[in-house]
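J.: Sending over start04.cif (mmCIF, C-alpha atoms).
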```
data_final
#
loop_
_atom_site.group_PDB
_atom_site.id
_atom_site.type_symbol
_atom_site.label_atom_id
_atom_site.label_comp_id
_atom_site.auth_asym_id
_atom_site.auth_seq_id
_atom_site.Cartn_x
_atom_site.Cartn_y
_atom_site.Cartn_z
ATOM 1 C CA MET A 1013 11.176 5.487 15.513
ATOM 2 C CA PRO A 1014 10.377 7.959 12.733
ATOM 3 C CA THR A 1015 6.887 8.136 11.338
ATOM 4 C CA LYS A 1016 6.122 5.918 8.383
ATOM 5 C CA SER A 1017 5.956 8.898 6.057
ATOM 6 C CA LYS A 1018 9.401 10.131 7.178
ATOM 7 C CA LEU A 1019 10.707 6.589 6.822
ATOM 8 C CA LEU A 1020 9.499 6.409 3.208
ATOM 9 C CA SER A 1021 11.036 9.751 2.366
ATOM 10 C CA HIS A 1022 14.309 8.853 4.096
ATOM 11 C CA TYR A 1023 14.780 5.583 2.182
ATOM 12 C CA ARG A 1024 13.900 7.183 -1.165
ATOM 13 C CA LYS A 1025 16.286 10.085 -0.618
ATOM 14 C CA ASP A 1026 19.056 7.744 0.533
ATOM 15 C CA ALA A 1027 18.722 5.927 -2.790
ATOM 16 C CA ASN A 1028 18.872 9.256 -4.665
ATOM 17 C CA LEU A 1029 15.687 8.398 -6.521
ATOM 18 C CA PRO A 1030 13.464 11.372 -7.330
ATOM 19 C CA LEU A 1031 9.885 11.432 -6.147
ATOM 20 C CA HIS A 1032 8.537 11.551 -9.714
ATOM 21 C CA ASP A 1033 10.321 8.270 -10.577
ATOM 22 C CA VAL A 1034 8.751 6.447 -7.644
ATOM 23 C CA ALA A 1035 5.356 7.975 -8.442
ATOM 24 C CA TYR A 1036 5.723 6.809 -12.042
ATOM 25 C CA LEU A 1037 6.555 3.263 -10.913
ATOM 26 C CA LEU A 1038 3.469 3.271 -8.695
ATOM 27 C CA GLY A 1039 1.286 4.759 -11.411
ATOM 28 C CA ILE A 1040 0.177 7.622 -9.172
ATOM 29 C CA ASP A 1041 0.454 11.399 -9.248
ATOM 30 C CA LYS A 1042 3.715 12.858 -7.916
ATOM 31 C CA GLY A 1043 1.743 15.314 -5.753
ATOM 32 C CA ASN A 1044 -0.152 12.500 -4.058
ATOM 33 C CA LEU A 1045 3.048 10.603 -3.300
ATOM 34 C CA SER A 1046 4.578 13.796 -1.958
ATOM 35 C CA LYS A 1047 1.612 14.127 0.410
ATOM 36 C CA VAL A 1048 2.199 10.541 1.574
ATOM 37 C CA GLU A 1049 5.873 11.230 2.261
ATOM 38 C CA ARG A 1050 4.985 14.410 4.177
ATOM 39 C CA GLY A 1051 2.363 12.615 6.264
ATOM 40 C CA MET A 1052 -0.567 14.518 4.796
ATOM 41 C CA ARG A 1053 -2.095 11.452 3.181
ATOM 42 C CA GLN A 1054 -2.297 7.789 4.217
ATOM 43 C CA ALA A 1055 -0.274 5.374 2.100
ATOM 44 C CA ASN A 1056 -1.975 2.315 0.671
ATOM 45 C CA PRO A 1057 -0.336 -1.126 0.936
ATOM 46 C CA ASN A 1058 0.967 -0.917 -2.653
ATOM 47 C CA ILE A 1059 3.062 2.107 -1.738
ATOM 48 C CA TYR A 1060 4.518 0.377 1.304
ATOM 49 C CA LEU A 1061 5.259 -2.757 -0.672
ATOM 50 C CA LEU A 1062 6.964 -0.856 -3.482
ATOM 51 C CA TYR A 1063 9.190 0.975 -0.991
ATOM 52 C CA HIS A 1064 10.007 -2.394 0.546
ATOM 53 C CA MET A 1065 10.855 -3.846 -2.861
ATOM 54 C CA LEU A 1066 12.802 -0.836 -4.153
ATOM 55 C CA PHE A 1067 14.609 0.320 -1.054
ATOM 56 C CA GLY A 1068 14.524 -2.625 1.326
ATOM 57 C CA VAL A 1069 12.370 -0.892 3.911
ATOM 58 C CA PRO A 1070 11.690 -3.652 6.476
ATOM 59 C CA LEU A 1071 8.066 -4.806 6.415
ATOM 60 C CA ASN A 1072 7.957 -4.885 10.208
ATOM 61 C CA GLU A 1073 8.646 -1.119 10.193
ATOM 62 C CA LEU A 1074 5.944 -0.450 7.616
ATOM 63 C CA PHE A 1075 3.284 -2.725 9.111
ATOM 64 C CA ASN A 1076 4.327 -2.751 12.765
ATOM 65 C CA GLU A 1077 0.857 -2.217 14.256
ATOM 66 C CA GLN A 1078 -0.840 -4.683 11.943
ATOM 67 C CA MET A 1079 1.841 -7.312 12.449
ATOM 68 C CA SER A 1080 1.668 -6.957 16.208
ATOM 69 C CA LEU A 1081 -2.108 -7.396 16.223
ATOM 70 C CA LEU A 1082 -1.916 -10.332 13.832
ATOM 71 C CA LYS A 1083 0.803 -12.037 15.892
ATOM 72 C CA ASP A 1084 -1.239 -11.631 19.078
ATOM 73 C CA ASN A 1085 -4.349 -13.018 17.391
ATOM 74 C CA ILE A 1086 -2.493 -15.976 15.856
ATOM 75 C CA SER A 1087 -0.885 -16.793 19.211
ATOM 76 C CA LYS A 1088 -4.250 -16.784 20.998
ATOM 77 C CA GLN A 1089 -5.991 -18.802 18.298
ATOM 78 C CA SER A 1090 -3.095 -21.282 18.163
ATOM 79 C CA GLN A 1091 -3.307 -21.838 21.892
ATOM 80 C CA LYS A 1092 -7.051 -22.568 21.604
ATOM 81 C CA LEU A 1093 -6.461 -24.955 18.715
ATOM 82 C CA VAL A 1094 -3.734 -26.837 20.582
ATOM 83 C CA GLU A 1095 -6.008 -27.176 23.622
ATOM 84 C CA GLU A 1096 -8.807 -28.505 21.409
ATOM 85 C CA LEU A 1097 -6.498 -30.979 19.677
ATOM 86 C CA LYS A 1098 -5.137 -32.209 22.989
ATOM 87 C CA ALA A 1099 -8.655 -32.630 24.369
ATOM 88 C CA HIS A 1100 -10.011 -34.614 21.415
ATOM 89 C CA GLN A 1101 -6.830 -36.356 20.196
ATOM 90 C CA PRO A 1102 -7.842 -36.759 16.529
ATOM 91 C CA PRO A 1103 -5.557 -38.829 14.280
ATOM 92 C CA LYS A 1104 -2.218 -37.138 13.588
ATOM 93 C CA SER A 1105 -2.944 -34.550 16.297
ATOM 94 C CA ASN A 1106 0.564 -34.815 17.751
ATOM 95 C CA GLN A 1107 2.074 -33.770 14.432
ATOM 96 C CA ARG A 1108 -0.374 -30.883 14.155
ATOM 97 C CA ILE A 1109 0.257 -29.773 17.739
ATOM 98 C CA GLN A 1110 4.001 -29.908 17.218
ATOM 99 C CA PHE A 1111 3.763 -27.788 14.057
ATOM 100 C CA ILE A 1112 1.519 -25.181 15.694
ATOM 101 C CA GLU A 1113 3.650 -24.926 18.821
ATOM 102 C CA SER A 1114 6.807 -24.615 16.720
ATOM 103 C CA PHE A 1115 5.171 -21.917 14.616
ATOM 104 C CA VAL A 1116 4.110 -19.914 17.672
ATOM 105 C CA ASN A 1117 7.569 -20.243 19.221
ATOM 106 C CA ASN A 1118 9.158 -18.955 15.998
ATOM 107 C CA LEU A 1119 6.597 -16.176 15.783
ATOM 108 C CA ASN A 1120 7.317 -15.074 19.343
ATOM 109 C CA GLN A 1121 11.072 -15.332 18.807
ATOM 110 C CA ASN A 1122 10.845 -13.178 15.673
ATOM 111 C CA CYS A 1123 8.683 -10.726 17.587
ATOM 112 C CA HIS A 1124 11.452 -10.250 20.169
ATOM 113 C CA ASP A 1125 14.120 -9.931 17.460
ATOM 114 C CA SER A 1126 12.258 -7.186 15.575
#
```
Represent the structure contained in this file as structure tokens.
T.:
Amino acid sequence: MPTKSKLLSHYRKDANLPLHDVAYLLGIDKGNLSKVERGMRQANPNIYLLYHMLFGVPLNELFNEQMSLLKDNISKQSQKLVEELKAHQPPKSNQRIQFIESFVNNLNQNCHDS
């Protein structure tokens, strides 16, 4: 997988959109965006989101590490919550358990599809 900076540059160039146009849309200096695309400067989330919106860059490619960590954390926390709900059986706990388990299954399925 190419680096994020190469990915940004690739999608922009494929769309034939000049760097100065994208910089203008972001409200940043063209030189700073150039540094981002060359990997000399870290992109902020606004840059990633604009490239996603403009060029369809998949979010899972732009935020792969963060999404992986978040998915792992949500899976672990969901498992703890389900165990707690099963142990205490509060009202409507079955509905809550079912939702959480379905969510985690979908999350894991999407993780394998990415």
J.: I want to know what sits within 12 Å of range 1044-1051 of chain A, based on only C-alpha atoms, with residues of the same chain fewer than 5 positions away left out; could you give that as an MDAnalysis selection string?
T.: chainID A and resid 1014:1025 1030:1039 1056:1060 1063
J.: Would you work out the distance separating CA of Gln1121 in chain A from CA of Leu1061 in chain A, expressed in Å to one decimal?
T.: 23.9 Å
J.: Give me, please, the distance in Å between CA of Pro1070 in chain A and CA of Asn1122 in chain A, quoted to one decimal.
T.: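 These two atoms are separated by 13.3 Å.
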J.: Can you pull out the residues contacting range 1087-1098 of chain A? Cut-off 12 Å, using all atoms listed in the file, and skip same-chain residues under 2 positions away; I want them as a list in words.
T.: Met1079, Ser1080, Leu1081, Leu1082, Lys1083, Asp1084, Asn1085, His1100, Gln1101, Pro1102, Pro1103, Lys1104, Ser1105, Asn1106, Gln1107, Arg1108, Ile1109, Gln1110, Phe1111, Ile1112, Glu1113, Ser1114, Phe1115, Val1116, Asn1117, Asn1118, Leu1119, Asn1120 and Cys1123 of chain A
J.: Edge lengths and centre in Å to one decimal, as lines of an AutoDock Vina configuration file, is what I'm after for the box along x, y and z that holds all listed atoms of range 1033-1042 of chain A once 4 Å is added on each side.
T.:
```
center_x = 5.2
center_y = 8.1
center_z = -9.8
size_x = 18.1
size_y = 17.6
size_z = 12.4
```
J.: Rounded to one decimal, what separation in Å do you get between CA of Lys1042 in chain A and CA of Leu1066 in chain A?
T.: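 Going from CA of Lys1042 in chain A over to CA of Leu1066 in chain A, I get 16.9 Å.
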J.: For this file, the PyMOL selection byres ((chain A and resi 1073) around 9) selects which residues, as a list in words?
T.: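 So the PyMOL selection byres ((chain A and resi 1073) around 9), applied here, picks out Met1013, Lys1016, Leu1019, Val1069, Pro1070, Leu1071, Asn1072, Leu1074, Phe1075, Asn1076, Glu1077 and Ser1126 of chain A.
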J.: Grab the residues selected above and save them as a short mmCIF file (atom, residue, chain, number, x, y, z; two decimals), keeping the file's coordinate frame with C-alpha atoms.
T.:
```cif
data_model
loop_
_atom_site.label_atom_id
_atom_site.label_comp_id
_atom_site.auth_asym_id
_atom_site.auth_seq_id
_atom_site.Cartn_x
_atom_site.Cartn_y
_atom_site.Cartn_z
CA MET A 1013 11.18 5.49 15.51
CA LYS A 1016 6.12 5.92 8.38
CA LEU A 1019 10.71 6.59 6.82
CA VAL A 1069 12.37 -0.89 3.91
CA PRO A 1070 11.69 -3.65 6.48
CA LEU A 1071 8.07 -4.81 6.42
CA ASN A 1072 7.96 -4.88 10.21
CA LEU A 1074 5.94 -0.45 7.62
CA PHE A 1075 3.28 -2.72 9.11
CA ASN A 1076 4.33 -2.75 12.76
CA GLU A 1077 0.86 -2.22 14.26
CA SER A 1126 12.26 -7.19 15.58
#
```
J.: Hey, could you patch up range 1080-1096 of chain A with N, CA and C atoms and hand it over as a CSV table (one decimal), in the coordinates of the input?
T.:
```
chain,number,residue,atom,x,y,z
A,1080,SER,N,1.8,-6.7,14.8
A,1080,SER,CA,1.7,-7.0,16.2
A,1080,SER,C,0.3,-7.5,16.5
A,1081,LEU,N,-0.7,-6.9,16.0
A,1081,LEU,CA,-2.1,-7.4,16.2
A,1081,LEU,C,-2.3,-8.8,15.7
A,1082,LEU,N,-1.8,-9.0,14.5
A,1082,LEU,CA,-1.9,-10.3,13.8
A,1082,LEU,C,-1.2,-11.4,14.6
A,1083,LYS,N,0.0,-11.1,15.1
A,1083,LYS,CA,0.8,-12.0,15.9
A,1083,LYS,C,0.1,-12.4,17.2
A,1084,ASP,N,-0.5,-11.4,17.8
A,1084,ASP,CA,-1.2,-11.6,19.1
A,1084,ASP,C,-2.4,-12.5,18.8
A,1085,ASN,N,-3.2,-12.2,17.7
A,1085,ASN,CA,-4.3,-13.0,17.4
A,1085,ASN,C,-4.0,-14.5,17.0
A,1086,ILE,N,-2.9,-14.6,16.2
A,1086,ILE,CA,-2.5,-16.0,15.9
A,1086,ILE,C,-2.0,-16.8,17.1
A,1087,SER,N,-1.3,-16.1,18.0
A,1087,SER,CA,-0.9,-16.8,19.2
A,1087,SER,C,-2.1,-17.3,20.0
A,1088,LYS,N,-3.1,-16.4,20.2
A,1088,LYS,CA,-4.2,-16.8,21.0
A,1088,LYS,C,-5.0,-17.9,20.3
A,1089,GLN,N,-5.2,-17.8,19.0
A,1089,GLN,CA,-6.0,-18.8,18.3
A,1089,GLN,C,-5.2,-20.1,18.3
A,1090,SER,N,-3.9,-20.1,18.2
A,1090,SER,CA,-3.1,-21.3,18.2
A,1090,SER,C,-3.2,-22.0,19.5
A,1091,GLN,N,-3.2,-21.2,20.6
A,1091,GLN,CA,-3.3,-21.8,21.9
A,1091,GLN,C,-4.7,-22.6,22.0
A,1092,LYS,N,-5.7,-21.9,21.6
A,1092,LYS,CA,-7.1,-22.6,21.6
A,1092,LYS,C,-7.1,-23.8,20.8
A,1093,LEU,N,-6.5,-23.8,19.6
A,1093,LEU,CA,-6.5,-25.0,18.7
A,1093,LEU,C,-5.7,-26.1,19.3
A,1094,VAL,N,-4.5,-25.8,19.9
A,1094,VAL,CA,-3.7,-26.8,20.6
A,1094,VAL,C,-4.5,-27.5,21.7
A,1095,GLU,N,-5.2,-26.6,22.5
A,1095,GLU,CA,-6.0,-27.2,23.6
A,1095,GLU,C,-7.1,-28.1,23.1
A,1096,GLU,N,-7.7,-27.7,22.0
A,1096,GLU,CA,-8.8,-28.5,21.4
A,1096,GLU,C,-8.2,-29.8,20.9
```
